[in-house]
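Engineer: Have a peek at upload.pdb (PDB, C-alpha atoms).
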ATOM      1  CA  MET M   1      11.184  -3.712 -19.771
ATOM      2  CA  GLU M   2      12.883  -0.877 -17.932
ATOM      3  CA  SER M   3      14.134   2.080 -19.901
ATOM      4  CA  THR M   4      15.618   5.410 -18.904
ATOM      5  CA  LEU M   5      12.078   6.757 -18.987
ATOM      6  CA  THR M   6      10.923   4.481 -16.143
ATOM      7  CA  PRO M   7      12.065   6.672 -13.203
ATOM      8  CA  ILE M   8      10.573   9.799 -14.770
ATOM      9  CA  LEU M   9       7.232   8.115 -15.403
ATOM     10  CA  PHE M  10       7.335   6.666 -11.896
ATOM     11  CA  TYR M  11       7.768  10.127 -10.378
ATOM     12  CA  VAL M  12       5.020  11.617 -12.551
ATOM     13  CA  PHE M  13       2.441   8.941 -11.729
ATOM     14  CA  GLY M  14       3.559   8.710  -8.100
ATOM     15  CA  ALA M  15       3.099  12.461  -7.631
ATOM     16  CA  LEU M  16      -0.267  12.283  -9.392
ATOM     17  CA  ALA M  17      -1.410   9.409  -7.149
ATOM     18  CA  LEU M  18      -0.319  11.196  -3.975
ATOM     19  CA  ALA M  19      -1.855  14.535  -5.027
ATOM     20  CA  ALA M  20      -5.165  12.881  -5.901
ATOM     21  CA  ALA M  21      -5.090  10.991  -2.585
ATOM     22  CA  LEU M  22      -4.715  14.320  -0.766
ATOM     23  CA  VAL M  23      -7.724  15.620  -2.705
ATOM     24  CA  VAL M  24      -9.710  12.524  -1.620
ATOM     25  CA  VAL M  25      -9.032  13.368   2.020
ATOM     26  CA  GLY M  26      -9.188  17.151   1.757
ATOM     27  CA  GLN M  27     -12.302  17.471  -0.377
ATOM     28  CA  ARG M  28     -15.620  18.109   1.422
ATOM     29  CA  ASN M  29     -17.818  16.983  -1.460
ATOM     30  CA  PRO M  30     -17.798  13.136  -1.491
ATOM     31  CA  LEU M  31     -18.479  13.085  -5.229
ATOM     32  CA  TYR M  32     -15.242  14.958  -5.936
ATOM     33  CA  SER M  33     -13.458  12.642  -3.503
ATOM     34  CA  ALA M  34     -14.660   9.671  -5.537
ATOM     35  CA  PHE M  35     -13.405  11.203  -8.800
ATOM     36  CA  ALA M  36     -10.026  11.979  -7.212
ATOM     37  CA  LEU M  37      -9.861   8.384  -5.977
ATOM     38  CA  ILE M  38     -10.347   7.185  -9.561
ATOM     39  CA  VAL M  39      -7.319   9.302 -10.580
ATOM     40  CA  THR M  40      -5.282   7.716  -7.761
ATOM     41  CA  LEU M  41      -6.296   4.205  -8.792
ATOM     42  CA  CYS M  42      -5.467   4.773 -12.467
ATOM     43  CA  SER M  43      -2.062   6.282 -11.578
ATOM     44  CA  LEU M  44      -1.373   3.254  -9.394
ATOM     45  CA  SER M  45      -2.259   1.048 -12.338
ATOM     46  CA  ALA M  46       0.418   2.834 -14.389
ATOM     47  CA  ILE M  47       2.891   2.318 -11.544
ATOM     48  CA  TYR M  48       2.103  -1.410 -11.462
ATOM     49  CA  GLY M  49       2.883  -1.472 -15.172
ATOM     50  CA  LEU M  50       6.201   0.273 -14.528
ATOM     51  CA  LEU M  51       6.996  -2.271 -11.811
ATOM     52  CA  GLY M  52       6.576  -5.051 -14.366
ATOM     53  CA  SER M  53       3.135  -6.364 -13.365
ATOM     54  CA  PRO M  54       0.849  -6.044 -16.394
ATOM     55  CA  PHE M  55      -1.811  -8.416 -15.012
ATOM     56  CA  ILE M  56      -2.238  -6.480 -11.758
ATOM     57  CA  ALA M  57      -2.222  -3.212 -13.722
ATOM     58  CA  VAL M  58      -5.147  -4.326 -15.869
ATOM     59  CA  LEU M  59      -6.952  -5.824 -12.874
ATOM     60  CA  GLN M  60      -6.562  -2.521 -11.043
ATOM     61  CA  VAL M  61      -8.365  -0.624 -13.787
ATOM     62  CA  ILE M  62     -11.118  -3.211 -14.297
ATOM     63  CA  VAL M  63     -11.847  -4.116 -10.672
ATOM     64  CA  TYR M  64     -10.991  -0.943  -8.767
ATOM     65  CA  ALA M  65     -11.477   1.950 -11.143
ATOM     66  CA  GLY M  66     -14.238   0.083 -12.939
ATOM     67  CA  ALA M  67     -16.346  -2.028 -10.615
ATOM     68  CA  ILE M  68     -15.702  -0.687  -7.117
ATOM     69  CA  MET M  69     -15.719   3.003  -7.990
ATOM     70  CA  VAL M  70     -18.887   2.639 -10.059
ATOM     71  CA  LEU M  71     -20.469   1.074  -6.961
ATOM     72  CA  PHE M  72     -19.333   4.042  -4.852
ATOM     73  CA  LEU M  73     -20.585   6.610  -7.359
ATOM     74  CA  PHE M  74     -23.872   4.723  -7.687
ATOM     75  CA  VAL M  75     -24.469   4.852  -3.923
ATOM     76  CA  LEU M  76     -23.356   8.508  -3.718
ATOM     77  CA  MET M  77     -25.885   9.474  -6.370
ATOM     78  CA  LEU M  78     -28.598   7.155  -5.031
ATOM     79  CA  LEU M  79     -28.414   8.729  -1.560
ATOM     80  CA  ASN M  80     -28.007  12.235  -2.999
ATOM     81  CA  VAL M  81     -25.046  12.960  -0.717
ATOM     82  CA  LYS M  82     -24.554  16.614   0.152
ATOM     83  CA  ARG M  83     -21.379  18.527   0.774
ATOM     84  CA  GLU M  84     -19.970  17.904   4.247
ATOM     85  CA  GLU M  85     -20.940  20.859   6.457
ATOM     86  CA  GLY M  86     -19.625  22.110   9.779
ATOM     87  CA  GLN M  87     -16.273  21.837  11.434
ATOM     88  CA  GLY M  88     -15.766  18.135  10.830
ATOM     89  CA  ALA M  89     -13.834  16.219  13.460
ATOM     90  CA  SER M  90     -13.219  17.821  16.860
ATOM     91  CA  THR M  91      -9.906  19.544  17.472
ATOM     92  CA  ALA M  92      -8.750  16.774  19.799
ATOM     93  CA  VAL M  93      -9.396  14.100  17.179
ATOM     94  CA  LYS M  94      -7.701  16.223  14.491
ATOM     95  CA  GLY M  95      -4.609  16.723  16.645
ATOM     96  CA  LEU M  96      -4.467  13.052  17.582
ATOM     97  CA  ALA M  97      -4.841  12.008  13.936
ATOM     98  CA  LEU M  98      -2.039  14.337  12.814
ATOM     99  CA  VAL M  99       0.282  13.161  15.599
ATOM    100  CA  LEU M 100      -0.382   9.500  14.811
ATOM    101  CA  ALA M 101       0.076  10.061  11.067
ATOM    102  CA  VAL M 102       3.383  11.901  11.526
ATOM    103  CA  LEU M 103       4.545   9.210  13.952
ATOM    104  CA  LEU M 104       3.701   6.432  11.488
ATOM    105  CA  ALA M 105       5.354   8.260   8.593
ATOM    106  CA  LEU M 106       8.537   8.942  10.589
ATOM    107  CA  GLU M 107       8.755   5.401  11.936
ATOM    108  CA  VAL M 108       8.260   3.487   8.692
ATOM    109  CA  GLY M 109       9.959   6.153   6.574
ATOM    110  CA  GLY M 110      13.017   6.062   8.816
ATOM    111  CA  VAL M 111      13.256   2.301   8.495
ATOM    112  CA  LEU M 112      12.769   2.428   4.709
ATOM    113  CA  LEU M 113      15.369   5.139   4.178
ATOM    114  CA  GLY M 114      17.855   3.333   6.408
ATOM    115  CA  VAL M 115      17.625   0.029   4.541
ATOM    116  CA  HIS M 116      19.895  -0.597   1.590
ATOM    117  CA  PHE M 117      18.002  -2.671  -0.961
ATOM    118  CA  ALA M 118      19.884  -5.221  -2.999
ATOM    119  CA  PRO M 119      19.391  -4.966  -6.781
ATOM    120  CA  ALA M 120      16.020  -6.388  -7.816
ATOM    121  CA  ALA M 121      15.965 -10.039  -8.818
ATOM    122  CA  ARG M 122      16.884 -10.792 -12.423
ATOM    123  CA  GLY M 123      14.517 -12.359 -14.915
ATOM    124  CA  TYR M 124      11.353 -11.295 -13.130
ATOM    125  CA  ASP M 125       8.419 -12.435 -15.259
ATOM    126  CA  ALA M 126       4.939 -11.586 -14.006
ATOM    127  CA  SER M 127       3.085 -12.487 -17.166
ATOM    128  CA  THR M 128      -0.550 -13.546 -16.942
ATOM    129  CA  GLN M 129       0.370 -17.115 -17.832
ATOM    130  CA  LYS M 130       2.848 -17.402 -14.953
ATOM    131  CA  MET M 131       0.325 -15.817 -12.592
ATOM    132  CA  ALA M 132      -2.408 -18.245 -13.624
ATOM    133  CA  ARG M 133      -0.130 -21.266 -13.184
ATOM    134  CA  LEU M 134       0.775 -20.153  -9.664
ATOM    135  CA  LEU M 135      -2.800 -19.199  -8.767
ATOM    136  CA  PHE M 136      -4.156 -22.615  -9.727
ATOM    137  CA  SER M 137      -1.298 -24.611  -8.218
ATOM    138  CA  LEU M 138      -1.508 -26.282  -4.862
ATOM    139  CA  PRO M 139      -1.153 -23.799  -2.022
ATOM    140  CA  TYR M 140      -3.186 -21.015  -3.615
ATOM    141  CA  VAL M 141      -5.965 -22.967  -5.292
ATOM    142  CA  TYR M 142      -7.656 -23.578  -1.918
ATOM    143  CA  VAL M 143      -7.568 -19.860  -1.172
ATOM    144  CA  PHE M 144      -8.982 -19.204  -4.620
ATOM    145  CA  GLU M 145     -11.908 -21.543  -3.896
ATOM    146  CA  ALA M 146     -12.425 -19.931  -0.495
ATOM    147  CA  THR M 147     -12.608 -16.558  -2.261
ATOM    148  CA  SER M 148     -15.530 -17.747  -4.337
ATOM    149  CA  ILE M 149     -17.419 -18.566  -1.129
ATOM    150  CA  LEU M 150     -16.528 -15.111   0.208
ATOM    151  CA  ILE M 151     -17.889 -13.470  -2.932
ATOM    152  CA  LEU M 152     -21.085 -15.503  -2.689
ATOM    153  CA  ALA M 153     -21.497 -14.516   0.971
ATOM    154  CA  ALA M 154     -20.897 -10.848   0.102
ATOM    155  CA  LEU M 155     -23.433 -11.057  -2.722
ATOM    156  CA  VAL M 156     -26.157 -12.561  -0.519
ATOM    157  CA  GLY M 157     -25.242 -10.228   2.352
ATOM    158  CA  ALA M 158     -25.400  -7.092   0.203
ATOM    159  CA  VAL M 159     -28.816  -8.033  -1.208
ATOM    160  CA  ALA M 160     -30.169  -8.930   2.247
ATOM    161  CA  LEU M 161     -28.848  -5.717   3.837
ATOM    162  CA  ALA M 162     -30.063  -3.338   1.159
ATOM    163  CA  LYS M 163     -33.538  -4.873   0.988
ATOM    164  CA  LYS M 164     -36.459  -2.697   2.039
ATOM    165  CA  GLU M 165     -37.476  -4.689   5.099
ATOM    166  CA  LEU M 166     -35.208  -7.173   6.753
TER
ATOM    167  CA  MET Y   1      17.487   0.155 -11.027
ATOM    168  CA  GLU Y   2      17.567  -0.709  -7.346
ATOM    169  CA  GLY Y   3      16.022   2.536  -6.147
ATOM    170  CA  LEU Y   4      12.627   1.739  -7.622
ATOM    171  CA  THR Y   5      11.654  -0.670  -4.830
ATOM    172  CA  GLN Y   6      12.473   1.906  -2.183
ATOM    173  CA  GLN Y   7      10.586   4.655  -3.988
ATOM    174  CA  ALA Y   8       7.553   2.421  -4.474
ATOM    175  CA  LEU Y   9       7.545   1.552  -0.771
ATOM    176  CA  LEU Y  10       7.828   5.236   0.174
ATOM    177  CA  LEU Y  11       4.903   6.053  -2.126
ATOM    178  CA  SER Y  12       2.983   3.202  -0.531
ATOM    179  CA  LEU Y  13       3.723   4.651   2.916
ATOM    180  CA  GLY Y  14       2.554   8.083   1.783
ATOM    181  CA  LEU Y  15      -0.722   6.748   0.406
ATOM    182  CA  PHE Y  16      -1.335   4.714   3.557
ATOM    183  CA  VAL Y  17      -0.735   7.699   5.852
ATOM    184  CA  VAL Y  18      -3.053   9.889   3.771
ATOM    185  CA  GLY Y  19      -5.742   7.210   3.868
ATOM    186  CA  ALA Y  20      -5.386   6.744   7.624
ATOM    187  CA  LEU Y  21      -5.646  10.521   8.115
ATOM    188  CA  GLY Y  22      -8.825  10.514   6.058
ATOM    189  CA  VAL Y  23     -10.411   7.838   8.233
ATOM    190  CA  PHE Y  24      -9.823  10.079  11.260
ATOM    191  CA  LEU Y  25     -10.676  13.442   9.734
ATOM    192  CA  ARG Y  26     -13.657  12.866   7.454
ATOM    193  CA  ARG Y  27     -17.197  12.789   8.837
ATOM    194  CA  ASN Y  28     -18.953  11.327   5.821
ATOM    195  CA  ILE Y  29     -19.105   7.541   6.130
ATOM    196  CA  ILE Y  30     -18.755   6.983   2.362
ATOM    197  CA  THR Y  31     -15.584   9.090   2.275
ATOM    198  CA  VAL Y  32     -14.269   7.053   5.217
ATOM    199  CA  LEU Y  33     -14.902   3.880   3.206
ATOM    200  CA  MET Y  34     -13.065   5.408   0.232
ATOM    201  CA  CYS Y  35     -10.100   6.171   2.503
ATOM    202  CA  VAL Y  36     -10.072   2.504   3.558
ATOM    203  CA  GLU Y  37      -9.867   1.590  -0.134
ATOM    204  CA  LEU Y  38      -6.937   3.996  -0.433
ATOM    205  CA  MET Y  39      -5.127   2.183   2.390
ATOM    206  CA  LEU Y  40      -5.793  -1.191   0.768
ATOM    207  CA  ASN Y  41      -4.261   0.154  -2.447
ATOM    208  CA  ALA Y  42      -1.184   1.329  -0.578
ATOM    209  CA  VAL Y  43      -0.732  -2.197   0.781
ATOM    210  CA  ASN Y  44      -1.164  -3.616  -2.732
ATOM    211  CA  LEU Y  45       1.610  -1.342  -3.992
ATOM    212  CA  ALA Y  46       3.919  -2.604  -1.235
ATOM    213  CA  PHE Y  47       3.090  -6.198  -2.218
ATOM    214  CA  VAL Y  48       3.904  -5.552  -5.876
ATOM    215  CA  ALA Y  49       7.152  -3.758  -4.983
ATOM    216  CA  PHE Y  50       8.329  -6.593  -2.733
ATOM    217  CA  SER Y  51       7.268  -9.188  -5.292
ATOM    218  CA  ARG Y  52       9.430  -7.488  -7.906
ATOM    219  CA  GLN Y  53      12.312  -7.083  -5.468
ATOM    220  CA  LEU Y  54      12.321 -10.764  -4.477
ATOM    221  CA  GLY Y  55      11.581 -12.092  -7.954
ATOM    222  CA  THR Y  56       8.664 -14.258  -6.805
ATOM    223  CA  LEU Y  57       5.027 -14.027  -7.858
ATOM    224  CA  ASP Y  58       3.489 -14.785  -4.451
ATOM    225  CA  GLY Y  59       3.053 -11.091  -3.657
ATOM    226  CA  GLN Y  60       1.049 -10.614  -6.833
ATOM    227  CA  ILE Y  61      -1.246 -13.506  -5.926
ATOM    228  CA  LEU Y  62      -1.828 -11.798  -2.577
ATOM    229  CA  VAL Y  63      -2.707  -8.560  -4.407
ATOM    230  CA  PHE Y  64      -5.273 -10.558  -6.354
ATOM    231  CA  PHE Y  65      -6.867 -11.774  -3.108
ATOM    232  CA  VAL Y  66      -6.725  -8.339  -1.497
ATOM    233  CA  MET Y  67      -8.611  -6.952  -4.511
ATOM    234  CA  THR Y  68     -11.269  -9.646  -4.165
ATOM    235  CA  VAL Y  69     -11.715  -8.937  -0.467
ATOM    236  CA  ALA Y  70     -11.832  -5.197  -1.190
ATOM    237  CA  ALA Y  71     -14.602  -5.720  -3.733
ATOM    238  CA  ALA Y  72     -16.611  -7.836  -1.273
ATOM    239  CA  GLU Y  73     -15.986  -5.297   1.479
ATOM    240  CA  ALA Y  74     -17.130  -2.402  -0.711
ATOM    241  CA  ALA Y  75     -20.331  -4.237  -1.703
ATOM    242  CA  VAL Y  76     -21.298  -5.164   1.864
ATOM    243  CA  GLY Y  77     -20.134  -1.835   3.281
ATOM    244  CA  LEU Y  78     -22.203   0.176   0.829
ATOM    245  CA  ALA Y  79     -25.235  -2.051   1.486
ATOM    246  CA  ILE Y  80     -24.842  -1.350   5.213
ATOM    247  CA  ILE Y  81     -24.574   2.379   4.454
ATOM    248  CA  ILE Y  82     -27.826   2.254   2.470
ATOM    249  CA  ALA Y  83     -29.534   0.437   5.360
ATOM    250  CA  LEU Y  84     -28.164   3.005   7.840
ATOM    251  CA  HIS Y  85     -29.266   5.902   5.667
ATOM    252  CA  ARG Y  86     -32.796   4.497   5.633
ATOM    253  CA  HIS Y  87     -32.894   4.529   9.446
ATOM    254  CA  LYS Y  88     -31.092   7.767  10.290
ATOM    255  CA  ASP Y  89     -31.388   9.917   7.156
ATOM    256  CA  THR Y  90     -27.788  11.068   7.553
ATOM    257  CA  LEU Y  91     -24.310   9.820   6.655
ATOM    258  CA  ASP Y  92     -22.448  11.498   9.535
ATOM    259  CA  VAL Y  93     -20.332   8.906  11.342
ATOM    260  CA  ASP Y  94     -21.128  10.556  14.715
ATOM    261  CA  ALA Y  95     -24.837   9.869  14.212
ATOM    262  CA  PHE Y  96     -24.337   6.112  14.244
ATOM    263  CA  ASN Y  97     -23.776   5.562  17.957
ATOM    264  CA  ILE Y  98     -26.371   2.927  18.784
ATOM    265  CA  MET Y  99     -23.679   0.353  19.618
ATOM    266  CA  LYS Y 100     -21.942   2.777  22.012
ATOM    267  CA  TRP Y 101     -22.431   2.603  25.763
TER
END
Starting from the coordinates I provided, produce the structure as structure tokens.

Structural biologist:
Amino acid sequence: MESTLTPILFYVFGALALAAALVVVGQRNPLYSAFALIVTLCSLSAIYGLLGSPFIAVLQVIVYAGAIMVLFLFVLMLLNVKREEGQGASTAVKGLALVLAVLLALEVGGVLLGVHFAPAARGYDASTQKMARLLFSLPYVYVFEATSILILAALVGAVALAKKEL
Amino acid sequence: MEGLTQQALLLSLGLFVVGALGVFLRRNIITVLMCVELMLNAVNLAFVAFSRQLGTLDGQILVFFVMTVAAAEAAVGLAIIIALHRHKDTLDVDAFNIMKW
């Protein structure tokens, strides 16, 4: 599974994901933000593949980059969203956001860099078959059924909300 | 390759911080929603990294559920945005202050 190429590919896709994420936040045109987000999601899919999770990698492309982003682009084009004008957030909010972000990064980053991770577990097999067996076994099958109710509620809710008159 | 877990978690942290910054800085409500998706993805990456580190599949199952919830959230969120746009004719987050007091 893991070759000498894995770290290189990880750095390439990780840098791509982070750069595209910065574009998502920095870009004033929401349409370009959406396209940059698609790049982030596809790079993350590659990273999932490198981490030995083919099922999640495929799901990421189909559900996120496919379904969710199409929904976003559809709404962006339906509402004919313009470029964001003006100063954006007030200076106080900007300063607060930067301070909080740096604080969070330092805190969690410090912990992560200080921890010595043991070698990853041997014989890790995240094949679709193993995933399906676990998903439909006892603790998770209830959650799976609850998810179907959630999806139904979201479906009805979305239709009811977006209707012309409530 | 023991460093991969750490690097994945650091990347996850970076994506989460960028997404959180976006929620604060952006004024367009759709971009804010996209930044929330970015944060959800960062959490998913952490789940996958820990799942691989511990050799169990439970983290991956959680990623599956997070994706489902994210899809439901995006559908309802965008429907709310369409309803808001019909009332206010703008997508600026500062314009939606009817629940403020």

Engineer: Pick out the closest residue to M:Tyr124 from this set: Y:Phe64, Y:Phe50, Y:Phe24, Y:Phe16. Count all atoms listed in the file.

Structural biologist: Y:Phe50

Engineer: Need the shell around M:Ala154: protein/DNA/RNA residues with any atom at most 8 Å away, counting all atoms listed in the file. Skip same-chain ones fewer than 6 positions apart. Format as a list in words?

Structural biologist: Ala72, Glu73, Ala75 and Val76 of chain Y

Engineer: When you count only C-alpha atoms, which of these residues is closest to Y:Leu91: M:Gln60, M:Asn80, M:Gln27, M:Ser3?

Structural biologist: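 So, comparing all the options, the nearest one is M:Asn80.
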
Engineer: Could you list the residues chosen by the ChimeraX specification (/Y :<7) & /M in this structure as a ChimeraX atom specification?

Structural biologist: /M:14,18,21-22,25,30,51,68,84,88-89,94,97,101,105,109,112,117-121,124,126,131,135,151,154,157-158,161-162

Engineer: Those same residues, written as a tab-separated table (two decimals), in the coordinates of the input with C-alpha atoms?

Structural biologist:
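Listing of selection_15.tsv after writing:
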chain	number	residue	atom	x	y	z
M	14	GLY	CA	3.56	8.71	-8.10
M	18	LEU	CA	-0.32	11.20	-3.98
M	21	ALA	CA	-5.09	10.99	-2.58
M	22	LEU	CA	-4.72	14.32	-0.77
M	25	VAL	CA	-9.03	13.37	2.02
M	30	PRO	CA	-17.80	13.14	-1.49
M	51	LEU	CA	7.00	-2.27	-11.81
M	68	ILE	CA	-15.70	-0.69	-7.12
M	84	GLU	CA	-19.97	17.90	4.25
M	88	GLY	CA	-15.77	18.14	10.83
M	89	ALA	CA	-13.83	16.22	13.46
M	94	LYS	CA	-7.70	16.22	14.49
M	97	ALA	CA	-4.84	12.01	13.94
M	101	ALA	CA	0.08	10.06	11.07
M	105	ALA	CA	5.35	8.26	8.59
M	109	GLY	CA	9.96	6.15	6.57
M	112	LEU	CA	12.77	2.43	4.71
M	117	PHE	CA	18.00	-2.67	-0.96
M	118	ALA	CA	19.88	-5.22	-3.00
M	119	PRO	CA	19.39	-4.97	-6.78
M	120	ALA	CA	16.02	-6.39	-7.82
M	121	ALA	CA	15.96	-10.04	-8.82
M	124	TYR	CA	11.35	-11.30	-13.13
M	126	ALA	CA	4.94	-11.59	-14.01
M	131	MET	CA	0.32	-15.82	-12.59
M	135	LEU	CA	-2.80	-19.20	-8.77
M	151	ILE	CA	-17.89	-13.47	-2.93
M	154	ALA	CA	-20.90	-10.85	0.10
M	157	GLY	CA	-25.24	-10.23	2.35
M	158	ALA	CA	-25.40	-7.09	0.20
M	161	LEU	CA	-28.85	-5.72	3.84
M	162	ALA	CA	-30.06	-3.34	1.16

Engineer: What does the distance between atom CA of M:Leu73 and atom CA of M:Val61 come to in Å, to one decimal place?

Structural biologist: 15.6 Å

Engineer: Build an axis-aligned box that encloses every atom of stretch 59-70 of chain M listed in the file, pad it by 6 Å on each side, and report its centre and edge lengths in Å to one decimal, as AutoDock Vina command-line options.

Structural biologist:
--center_x -12.7 --center_y -1.4 --center_z -10.7 --size_x 24.3 --size_y 20.8 --size_z 19.2

Engineer: Please measure the separation of atom CA of Y:Phe96 and atom CA of M:Leu96, giving the value in Å to one decimal.

Structural biologist: 21.3 Å

Engineer: Could you tell me, as a PyMOL selection string, which residues have any atom at most 12 Å from (3.2, 9.5, -14.1), counting only C-alpha atoms?

Structural biologist: chain M and resi 5-19+39-40+42-50
